[in-house]
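**Q** Quick one: the structure is below, questions incoming.
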Amino acid sequence: MQIVLLAIVTFIFAIDQFSLTELLYRPIIACPIIGAILGDVKTGLVVGGTYELMMVGNMPVGGAQPPNAVLGGIVAMIFAVKSQLDVDTALGLAVVFSIFGQYAVTLTFTITSGLMSKADEAADKADPAGITKVNLIAMCFLGVLFAILAVVAYVGGEAAGTALNNFSNSRYFSFVMGGLGAAGGMMRYTGFAVLLKIMLADDMWGIYLAGFAAAALFGNVEATSGATLILVAFIGVAIALYDYNTNVKIKNLQNAGGDEDGI
């Protein structure tokens, strides 16, 4: 039953990367769902939140594909739940499979590119059903490919669980698993750094540092430590609303004018 459900949700997540909601496949949503299937929602929340930080800055640009969040999240969950590895080590191993998922998407795009001529022909004939058929074929190919990879990862991950644990406890090779754990712990900060490099403007540094200060203050007060993230988020929403309303008022003032000289 777990294999069947895993194949179904992976099929949906694979399509959701480019169609449907384009939200379900994100690790913060997908991993808890996979955790429910594997019988460990708590680990799904932890892995999903951590892996989302790793992948938050990875976005496809044109034909270039980043490491795949879907396959990486599935493999991380399998290693964390079925193989009983700690979260950081599971995420370190998952990075390899996320790159493999990147190749799977590129392969799909390459193979289905041959169908584009059929879509062009349907467009010339004003045949929306023909264009829809081409899209459905491409999506089904991607979904089935990812479902097969997820099932293989499930079977292989479960079989490799004992070997991985023995490997991590070995006096000669434990440094390898330790290195993967360190890499997995570091990757969440790398992913967030990539996002900041893209989004952070010079005029936002003050707000960024103020967020750190607010988190430090709330986190060290017993009455507020349990809701630190929520409180900081409320402050962020307040700043965003104030900035939006201010810019709207400035825009309205610029557009309002009576005479030709703007007075």
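Convention: chains lettered A, B, ... in structure tokens order; per-chain residue numbering from 1; ligands numbered from 1 as shown.
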Could the residues of range 66-122 of chain A that have an atom at most 12 Å from range 26-38 of chain A be listed as JSON lines, each with its closest atom pair and the distance in Å to one decimal, counting only C-alpha atoms and ordered by chain and ascending residue number?

**A**
```
{"residue": "A:Asn68", "atom": "CA", "partner": "A:Arg26", "partner_atom": "CA", "distance": 10.2}
{"residue": "A:Ala69", "atom": "CA", "partner": "A:Pro27", "partner_atom": "CA", "distance": 6.6}
{"residue": "A:Val70", "atom": "CA", "partner": "A:Pro27", "partner_atom": "CA", "distance": 7.0}
{"residue": "A:Leu71", "atom": "CA", "partner": "A:Pro27", "partner_atom": "CA", "distance": 9.8}
{"residue": "A:Gly72", "atom": "CA", "partner": "A:Pro27", "partner_atom": "CA", "distance": 8.8}
{"residue": "A:Gly73", "atom": "CA", "partner": "A:Pro27", "partner_atom": "CA", "distance": 6.0}
{"residue": "A:Ile74", "atom": "CA", "partner": "A:Cys31", "partner_atom": "CA", "distance": 7.0}
{"residue": "A:Val75", "atom": "CA", "partner": "A:Cys31", "partner_atom": "CA", "distance": 10.0}
{"residue": "A:Ala76", "atom": "CA", "partner": "A:Cys31", "partner_atom": "CA", "distance": 8.8}
{"residue": "A:Met77", "atom": "CA", "partner": "A:Cys31", "partner_atom": "CA", "distance": 6.8}
{"residue": "A:Ile78", "atom": "CA", "partner": "A:Leu38", "partner_atom": "CA", "distance": 8.1}
{"residue": "A:Phe79", "atom": "CA", "partner": "A:Leu38", "partner_atom": "CA", "distance": 11.1}
{"residue": "A:Ala80", "atom": "CA", "partner": "A:Gly35", "partner_atom": "CA", "distance": 9.8}
{"residue": "A:Val81", "atom": "CA", "partner": "A:Leu38", "partner_atom": "CA", "distance": 7.2}
{"residue": "A:Lys82", "atom": "CA", "partner": "A:Leu38", "partner_atom": "CA", "distance": 7.9}
{"residue": "A:Ser83", "atom": "CA", "partner": "A:Leu38", "partner_atom": "CA", "distance": 11.6}
{"residue": "A:Leu91", "atom": "CA", "partner": "A:Pro27", "partner_atom": "CA", "distance": 11.7}
{"residue": "A:Ser98", "atom": "CA", "partner": "A:Pro27", "partner_atom": "CA", "distance": 11.9}
```

**Q** With a distance cut-off of 10 Å and only C-alpha atoms, select the neighbouring residues of Cys140 in chain A, excluding the residue or stretch itself and same-chain residues fewer than 3 positions from it, and output the selection as a list in words.

**A**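 Non-adjacent residues within range: Phe11, Ile12, Ala14, Ile15, Asn135, Leu136, Ile137, Gly143, Val144, Leu145 and Phe146 of chain A.
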
**Q** Calculate how many Å separate CA of Ile148 in chain A from CA of Ala104 in chain A, rounding to one decimal.

**A** 11.3 Å

**Q** Within 7 Å of Thr228 in chain A, counting only C-alpha atoms, which residues qualify if same-chain residues fewer than 2 places away don't, as a short mmCIF file (atom, residue, chain, number, x, y, z; two decimals) with C-alpha atoms, in the first residue's frame?

**A**
```cif
data_model
loop_
_atom_site.label_atom_id
_atom_site.label_comp_id
_atom_site.auth_asym_id
_atom_site.auth_seq_id
_atom_site.Cartn_x
_atom_site.Cartn_y
_atom_site.Cartn_z
CA ALA A 215 14.25 36.77 16.68
CA PHE A 218 11.77 36.98 21.35
CA GLY A 219 13.69 33.70 21.45
CA THR A 224 7.57 34.51 23.72
CA SER A 225 10.18 31.86 22.84
CA GLY A 226 7.55 29.37 21.70
CA ILE A 230 5.10 33.84 14.30
CA LEU A 231 5.89 37.11 16.07
CA VAL A 232 8.71 37.94 13.66
#
```

**Q** Quick one: residues within 10 Å of Ala210 in chain A, only C-alpha atoms, excluding same-chain residues fewer than 5 positions away - as a list of chain:residue names?

**A**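 Listing them by chain and then by number gives A:Met204, A:Trp205, A:Ala215, A:Ala216, A:Val232, A:Ile235, A:Gly236.
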
**Q** Just C-alpha atoms for this one: save the residues we selected as a CSV table (one decimal), in the first residue's frame.

**A**
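What ended up in selection-v1.csv:
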```csv
chain,number,residue,atom,x,y,z
A,204,MET,CA,16.4,45.9,2.7
A,205,TRP,CA,19.5,45.2,4.8
A,215,ALA,CA,14.3,36.8,16.7
A,216,ALA,CA,17.1,37.0,19.3
A,232,VAL,CA,8.7,37.9,13.7
A,235,ILE,CA,6.4,42.3,12.3
A,236,GLY,CA,7.3,41.5,8.7
```

**Q** In Å, with one decimal, what is the gap from CA of Ala122 in chain A to CA of Val134 in chain A?

**A**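 Computing the Euclidean distance for CA of Ala122 in chain A and CA of Val134 in chain A yields 9.4 Å.
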
**Q** Near Ala119 in chain A, counting only C-alpha atoms, which residues have an atom at most 10 Å away, once you skip same-chain residues fewer than 6 positions from it, shown as a compact mmCIF listing (two decimals) with all heavy atoms, in the first residue's frame?

**A**
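Result went into part-v5.txt, see below:
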```
# COMPACT_ATOMS: atom_id res chain seq x y z
N LYS A 125 -4.23 24.36 -37.20
CA LYS A 125 -5.59 23.92 -37.52
C LYS A 125 -6.63 24.44 -36.52
O LYS A 125 -7.80 24.06 -36.60
CB LYS A 125 -5.65 22.39 -37.53
CG LYS A 125 -4.75 21.74 -38.58
CD LYS A 125 -4.78 20.23 -38.46
CE LYS A 125 -3.86 19.57 -39.48
NZ LYS A 125 -3.84 18.08 -39.32
N ASP A 127 -6.91 23.72 -33.37
CA ASP A 127 -7.40 22.51 -32.70
C ASP A 127 -6.88 22.48 -31.26
O ASP A 127 -5.82 21.90 -30.99
CB ASP A 127 -6.91 21.28 -33.47
CG ASP A 127 -7.37 19.98 -32.83
OD1 ASP A 127 -8.32 20.02 -32.01
OD2 ASP A 127 -6.78 18.92 -33.13
N PRO A 128 -7.61 23.10 -30.31
CA PRO A 128 -7.16 23.10 -28.91
C PRO A 128 -7.02 21.69 -28.33
O PRO A 128 -6.14 21.44 -27.50
CB PRO A 128 -8.25 23.89 -28.17
CG PRO A 128 -8.92 24.69 -29.24
CD PRO A 128 -8.86 23.86 -30.48
N ALA A 129 -7.89 20.77 -28.78
CA ALA A 129 -7.83 19.40 -28.25
C ALA A 129 -6.51 18.74 -28.61
O ALA A 129 -5.95 17.97 -27.81
CB ALA A 129 -9.00 18.59 -28.80
N GLY A 130 -5.96 19.05 -29.78
CA GLY A 130 -4.68 18.48 -30.18
C GLY A 130 -3.55 18.99 -29.32
O GLY A 130 -2.65 18.23 -28.93
N ILE A 131 -3.58 20.30 -29.00
CA ILE A 131 -2.55 20.87 -28.13
C ILE A 131 -2.66 20.28 -26.73
O ILE A 131 -1.65 19.95 -26.10
CB ILE A 131 -2.70 22.40 -28.08
CG1 ILE A 131 -2.51 23.00 -29.48
CG2 ILE A 131 -1.69 23.01 -27.11
CD1 ILE A 131 -2.77 24.48 -29.55
N THR A 132 -3.88 20.13 -26.24
CA THR A 132 -4.10 19.52 -24.92
C THR A 132 -3.56 18.10 -24.87
O THR A 132 -2.95 17.67 -23.88
CB THR A 132 -5.59 19.52 -24.57
OG1 THR A 132 -6.07 20.87 -24.58
CG2 THR A 132 -5.84 18.90 -23.20
N LYS A 133 -3.77 17.35 -25.96
CA LYS A 133 -3.29 15.96 -26.01
C LYS A 133 -1.77 15.90 -25.90
O LYS A 133 -1.22 15.05 -25.20
CB LYS A 133 -3.75 15.32 -27.33
CG LYS A 133 -3.46 13.83 -27.42
CD LYS A 133 -3.90 13.27 -28.76
CE LYS A 133 -5.41 13.39 -28.93
NZ LYS A 133 -5.85 12.78 -30.21
N VAL A 134 -1.08 16.81 -26.59
CA VAL A 134 0.39 16.84 -26.51
C VAL A 134 0.84 17.13 -25.07
O VAL A 134 1.76 16.48 -24.55
CB VAL A 134 0.95 17.92 -27.47
CG1 VAL A 134 2.44 18.12 -27.22
CG2 VAL A 134 0.71 17.52 -28.91
N ASN A 135 0.19 18.08 -24.42
CA ASN A 135 0.54 18.41 -23.04
C ASN A 135 0.29 17.24 -22.10
O ASN A 135 1.08 16.96 -21.20
CB ASN A 135 -0.25 19.63 -22.57
CG ASN A 135 0.27 20.92 -23.18
OD1 ASN A 135 1.47 21.08 -23.38
ND2 ASN A 135 -0.63 21.86 -23.45
```

**Q** Work out how far CA of Val4 in chain A is from CA of Val151 in chain A, in Å to one decimal.

**A**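 Computing the Euclidean distance for CA of Val151 in chain A and CA of Val4 in chain A yields 8.5 Å.
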